[in-house]
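Source file: start18.pdb (PDB, C-alpha atoms, pLDDT in the B column)
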```
ATOM      1  CA  MET R1364      29.610  25.445 -60.933  1.00 57.00           C
ATOM      2  CA  ALA R1365      32.458  26.416 -63.227  1.00 64.00           C
ATOM      3  CA  LEU R1366      33.423  30.011 -63.758  1.00 68.00           C
ATOM      4  CA  THR R1367      33.710  31.488 -67.202  1.00 74.00           C
ATOM      5  CA  THR R1368      37.103  32.611 -68.477  1.00 74.00           C
ATOM      6  CA  GLU R1369      36.054  36.223 -67.899  1.00 80.00           C
ATOM      7  CA  GLU R1370      35.003  35.476 -64.304  1.00 78.00           C
ATOM      8  CA  ILE R1371      38.317  33.741 -63.642  1.00 75.00           C
ATOM      9  CA  LYS R1372      40.182  36.804 -64.943  1.00 78.00           C
ATOM     10  CA  ARG R1373      38.105  39.085 -62.688  1.00 83.00           C
ATOM     11  CA  VAL R1374      38.874  36.956 -59.620  1.00 79.00           C
ATOM     12  CA  GLN R1375      42.574  36.945 -60.482  1.00 80.00           C
ATOM     13  CA  THR R1376      42.619  40.708 -61.059  1.00 84.00           C
ATOM     14  CA  THR R1377      40.702  41.464 -57.871  1.00 84.00           C
ATOM     15  CA  TRP R1378      42.806  39.131 -55.737  1.00 81.00           C
ATOM     16  CA  GLY R1379      45.952  40.519 -57.334  1.00 84.00           C
ATOM     17  CA  LYS R1380      44.971  43.979 -56.112  1.00 87.00           C
ATOM     18  CA  VAL R1381      44.549  42.643 -52.577  1.00 84.00           C
ATOM     19  CA  MET R1382      47.965  41.003 -52.732  1.00 86.00           C
ATOM     20  CA  ASP R1383      49.652  44.110 -54.179  1.00 89.00           C
ATOM     21  CA  ASP R1384      49.646  45.561 -50.670  1.00 90.00           C
ATOM     22  CA  LYS R1385      49.222  42.387 -48.667  1.00 90.00           C
ATOM     23  CA  SER R1386      50.408  43.805 -45.345  1.00 91.00           C
ATOM     24  CA  MET R1387      48.158  46.844 -45.344  1.00 92.00           C
ATOM     25  CA  ASN R1388      45.142  44.934 -46.637  1.00 90.00           C
ATOM     26  CA  GLY R1389      45.655  42.163 -44.090  1.00 91.00           C
ATOM     27  CA  VAL R1390      45.891  44.684 -41.258  1.00 94.00           C
ATOM     28  CA  LYS R1391      42.732  46.416 -42.541  1.00 92.00           C
ATOM     29  CA  LEU R1392      40.929  43.068 -42.619  1.00 90.00           C
ATOM     30  CA  PHE R1393      41.808  42.237 -39.023  1.00 91.00           C
ATOM     31  CA  MET R1394      41.155  45.747 -37.755  1.00 93.00           C
ATOM     32  CA  THR R1395      37.722  45.768 -39.390  1.00 93.00           C
ATOM     33  CA  PHE R1396      37.011  42.455 -37.694  1.00 90.00           C
ATOM     34  CA  PHE R1397      38.344  43.566 -34.297  1.00 92.00           C
ATOM     35  CA  ASN R1398      36.568  46.932 -34.429  1.00 93.00           C
ATOM     36  CA  LYS R1399      33.290  45.170 -35.113  1.00 92.00           C
ATOM     37  CA  TYR R1400      33.926  42.424 -32.525  1.00 91.00           C
ATOM     38  CA  PRO R1401      36.446  43.835 -29.997  1.00 91.00           C
ATOM     39  CA  SER R1402      36.317  40.856 -27.654  1.00 91.00           C
ATOM     40  CA  TYR R1403      37.567  38.571 -30.443  1.00 91.00           C
ATOM     41  CA  LYS R1404      40.992  40.218 -30.283  1.00 93.00           C
ATOM     42  CA  ASP R1405      41.541  38.408 -27.009  1.00 92.00           C
ATOM     43  CA  LEU R1406      41.184  35.063 -28.775  1.00 92.00           C
ATOM     44  CA  PHE R1407      44.623  35.807 -30.227  1.00 90.00           C
ATOM     45  CA  PRO R1408      47.107  35.417 -27.335  1.00 93.00           C
ATOM     46  CA  SER R1409      49.756  37.588 -28.981  1.00 93.00           C
ATOM     47  CA  PHE R1410      47.272  40.487 -29.321  1.00 94.00           C
ATOM     48  CA  ARG R1411      45.702  40.350 -25.828  1.00 92.00           C
ATOM     49  CA  ASN R1412      47.935  42.931 -24.170  1.00 94.00           C
ATOM     50  CA  ILE R1413      47.910  45.349 -27.091  1.00 96.00           C
ATOM     51  CA  THR R1414      45.275  48.054 -27.301  1.00 95.00           C
ATOM     52  CA  LEU R1415      43.065  48.199 -30.348  1.00 95.00           C
ATOM     53  CA  ASP R1416      44.537  51.616 -31.155  1.00 96.00           C
ATOM     54  CA  ASP R1417      48.126  50.317 -31.058  1.00 97.00           C
ATOM     55  CA  LEU R1418      47.485  46.999 -32.800  1.00 97.00           C
ATOM     56  CA  PRO R1419      47.626  48.211 -36.446  1.00 96.00           C
ATOM     57  CA  ASP R1420      51.208  49.406 -35.965  1.00 96.00           C
ATOM     58  CA  THR R1421      52.547  46.158 -34.525  1.00 97.00           C
ATOM     59  CA  ARG R1422      54.777  43.710 -36.320  1.00 96.00           C
ATOM     60  CA  LYS R1423      52.774  40.862 -34.739  1.00 95.00           C
ATOM     61  CA  LEU R1424      49.604  41.835 -36.566  1.00 96.00           C
ATOM     62  CA  ARG R1425      51.388  42.391 -39.885  1.00 96.00           C
ATOM     63  CA  VAL R1426      53.090  38.990 -39.708  1.00 95.00           C
ATOM     64  CA  HIS R1427      49.853  37.223 -38.785  1.00 94.00           C
ATOM     65  CA  ALA R1428      47.850  39.054 -41.445  1.00 93.00           C
ATOM     66  CA  ASN R1429      50.455  38.238 -44.114  1.00 93.00           C
ATOM     67  CA  GLY R1430      50.268  34.559 -43.177  1.00 92.00           C
ATOM     68  CA  VAL R1431      46.483  34.543 -43.383  1.00 90.00           C
ATOM     69  CA  LEU R1432      46.446  36.269 -46.773  1.00 88.00           C
ATOM     70  CA  ASP R1433      49.126  33.904 -48.072  1.00 89.00           C
ATOM     71  CA  ALA R1434      46.948  30.961 -47.016  1.00 88.00           C
ATOM     72  CA  VAL R1435      43.884  32.481 -48.669  1.00 84.00           C
ATOM     73  CA  SER R1436      45.965  33.203 -51.760  1.00 83.00           C
ATOM     74  CA  SER R1437      46.931  29.526 -51.968  1.00 81.00           C
ATOM     75  CA  ILE R1438      43.270  28.572 -51.802  1.00 79.00           C
ATOM     76  CA  VAL R1439      42.358  31.128 -54.477  1.00 76.00           C
ATOM     77  CA  GLY R1440      45.186  29.799 -56.658  1.00 75.00           C
ATOM     78  CA  MET R1441      44.092  26.190 -56.249  1.00 74.00           C
ATOM     79  CA  TYR R1442      40.516  27.181 -57.019  1.00 72.00           C
ATOM     80  CA  MET R1443      41.603  29.008 -60.158  1.00 71.00           C
ATOM     81  CA  ILE R1444      43.596  25.974 -61.302  1.00 68.00           C
ATOM     82  CA  SER R1445      40.560  23.780 -60.672  1.00 70.00           C
ATOM     83  CA  MET R1446      38.335  26.104 -62.659  1.00 69.00           C
ATOM     84  CA  LEU R1447      40.867  26.177 -65.495  1.00 67.00           C
ATOM     85  CA  ILE R1448      40.951  22.381 -65.550  1.00 66.00           C
ATOM     86  CA  ILE R1449      37.150  22.215 -65.630  1.00 68.00           C
ATOM     87  CA  CYS R1450      37.080  24.633 -68.571  1.00 68.00           C
ATOM     88  CA  ILE R1451      39.693  22.588 -70.422  1.00 65.00           C
ATOM     89  CA  GLU R1452      37.935  19.302 -69.599  1.00 67.00           C
ATOM     90  CA  THR R1453      34.699  20.696 -71.008  1.00 69.00           C
ATOM     91  CA  SER R1454      36.499  21.785 -74.152  1.00 67.00           C
ATOM     92  CA  LEU R1455      38.149  18.371 -74.539  1.00 63.00           C
ATOM     93  CA  LEU R1456      34.799  16.616 -74.247  1.00 67.00           C
ATOM     94  CA  LYS R1457      33.409  18.807 -77.018  1.00 70.00           C
ATOM     95  CA  ARG R1458      36.383  17.904 -79.225  1.00 69.00           C
ATOM     96  CA  ASN R1459      36.064  14.146 -78.645  1.00 70.00           C
ATOM     97  CA  CYS R1460      39.708  13.755 -77.583  1.00 66.00           C
ATOM     98  CA  ASN R1461      40.811  10.170 -77.004  1.00 69.00           C
ATOM     99  CA  LYS R1462      42.117   9.082 -73.591  1.00 68.00           C
ATOM    100  CA  LYS R1463      45.799   9.381 -74.579  1.00 68.00           C
ATOM    101  CA  GLN R1464      45.329  12.933 -75.903  1.00 63.00           C
ATOM    102  CA  HIS R1465      43.291  13.852 -72.847  1.00 59.00           C
ATOM    103  CA  ASN R1466      45.929  12.519 -70.420  1.00 62.00           C
ATOM    104  CA  ARG R1467      48.782  14.337 -72.184  1.00 59.00           C
ATOM    105  CA  ILE R1468      46.914  17.640 -72.102  1.00 58.00           C
ATOM    106  CA  HIS R1469      45.797  17.093 -68.506  1.00 53.00           C
ATOM    107  CA  LEU R1470      49.359  16.315 -67.320  1.00 51.00           C
ATOM    108  CA  THR R1471      50.669  19.383 -69.108  1.00 51.00           C
ATOM    109  CA  ILE R1472      48.346  21.733 -67.241  1.00 50.00           C
ATOM    110  CA  ASN R1473      48.317  19.848 -63.927  1.00 49.00           C
ATOM    111  CA  PRO R1474      51.538  17.867 -63.317  1.00 47.00           C
ATOM    112  CA  GLY R1475      50.431  17.031 -59.774  1.00 49.00           C
ATOM    113  CA  SER R1476      47.726  14.802 -61.222  1.00 45.00           C
ATOM    114  CA  ALA R1477      50.231  12.301 -62.670  1.00 40.00           C
ATOM    115  CA  ILE R1478      49.483   9.727 -59.987  1.00 39.00           C
ATOM    116  CA  PHE R1479      45.742   9.974 -60.661  1.00 38.00           C
ATOM    117  CA  VAL R1480      46.188   9.641 -64.408  1.00 38.00           C
ATOM    118  CA  MET R1481      48.581   6.687 -64.148  1.00 36.00           C
ATOM    119  CA  HIS R1482      46.063   4.784 -62.020  1.00 34.00           C
ATOM    120  CA  SER R1483      42.983   5.616 -64.068  1.00 39.00           C
TER     121      SER R1483
END
```
Can the structure in the file be given as structure tokens, please?
Amino acid sequence: MALTTEEIKRVQTTWGKVMDDKSMNGVKLFMTFFNKYPSYKDLFPSFRNITLDDLPDTRKLRVHANGVLDAVSSIVGMYMISMLIICIETSLLKRNCNKKQHNRIHLTINPGSAIFVMHS
């Protein structure tokens, strides 16, 4: 299911707000999780000896939370690129672009696909 242009903008705007204060939002995410499921904190070796009350103020949690949000951000970014490509592909089909035109446009918006296009 492809998102509309408006839906893509909303995802980007919403995720941008999360990333504006990545450290705080990441800490909030983990603390919400650990407050709901306290025993899960012990699944993280570097958090085991830290009390739930002290955990939000630790560098260990901030660093871990930043890494997790960066990973999620990469996934969101890849998803947005995929949705953009689907929207463009749909538009190209409607315009009856020939294969050469299609490949040039596709490579312009997604240079990483060069290998795929050269072998197609």
Point to revise | Separation of CA of Ser1445 (chain R) from CA of Arg1373 (chain R), in Å and rounded to one decimal | key: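 The value is 15.6 Å.
Across the model, the gap from CA of Thr1377 (chain R) to CA of Met1394 (chain R) is 20.6 Å.
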Exercise for review: For CA of Gln1375 (chain R) and CA of Leu1392 (chain R), determine how far apart the two atoms are, in Å to one decimal place.
Suggested key: 19.0 Å
**Study point:** Residues within 12 Å of (50.9, 41.0, -28.0), file coords, only C-alpha atoms, listed as an NGL selection string
**Key:** :R and (1404-1415 or 1417-1425 or 1427)
Could you write out that same residue set with C-alpha atoms as a PDB file, in the frame of the given file?
```pdb
ATOM      1  CA  LYS R1404      40.992  40.218 -30.283  1.00 93.00           C
ATOM      2  CA  ASP R1405      41.541  38.408 -27.009  1.00 92.00           C
ATOM      3  CA  LEU R1406      41.184  35.063 -28.775  1.00 92.00           C
ATOM      4  CA  PHE R1407      44.623  35.807 -30.227  1.00 90.00           C
ATOM      5  CA  PRO R1408      47.107  35.417 -27.335  1.00 93.00           C
ATOM      6  CA  SER R1409      49.756  37.588 -28.981  1.00 93.00           C
ATOM      7  CA  PHE R1410      47.272  40.487 -29.321  1.00 94.00           C
ATOM      8  CA  ARG R1411      45.702  40.350 -25.828  1.00 92.00           C
ATOM      9  CA  ASN R1412      47.935  42.931 -24.170  1.00 94.00           C
ATOM     10  CA  ILE R1413      47.910  45.349 -27.091  1.00 96.00           C
ATOM     11  CA  THR R1414      45.275  48.054 -27.301  1.00 95.00           C
ATOM     12  CA  LEU R1415      43.065  48.199 -30.348  1.00 95.00           C
ATOM     13  CA  ASP R1417      48.126  50.317 -31.058  1.00 97.00           C
ATOM     14  CA  LEU R1418      47.485  46.999 -32.800  1.00 97.00           C
ATOM     15  CA  PRO R1419      47.626  48.211 -36.446  1.00 96.00           C
ATOM     16  CA  ASP R1420      51.208  49.406 -35.965  1.00 96.00           C
ATOM     17  CA  THR R1421      52.547  46.158 -34.525  1.00 97.00           C
ATOM     18  CA  ARG R1422      54.777  43.710 -36.320  1.00 96.00           C
ATOM     19  CA  LYS R1423      52.774  40.862 -34.739  1.00 95.00           C
ATOM     20  CA  LEU R1424      49.604  41.835 -36.566  1.00 96.00           C
ATOM     21  CA  ARG R1425      51.388  42.391 -39.885  1.00 96.00           C
ATOM     22  CA  HIS R1427      49.853  37.223 -38.785  1.00 94.00           C
TER      23      HIS R1427
END
```
Check your understanding: For Lys1385 (chain R), which residue among R:Ile1438, R:Leu1432, R:Val1426, R:Ile1371 is the nearest when counting only C-alpha atoms?
Key -> R:Leu1432
Practice item. Name the closest residue to Gly1379 (chain R) among the candidates R:Val1435, R:Lys1391, R:Phe1397, R:Thr1367; distances are taken between atoms, counting all atoms listed in the file. Key: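 Between R:Val1435, R:Lys1391, R:Phe1397, R:Thr1367, the residue approaching Gly1379 (chain R) most closely is R:Val1435.
If all atoms listed in the file are the atoms counted, then among R:Trp1378, R:Val1390, R:Asp1383, R:Lys1372 the closest residue to Ala1428 (chain R) is R:Val1390.
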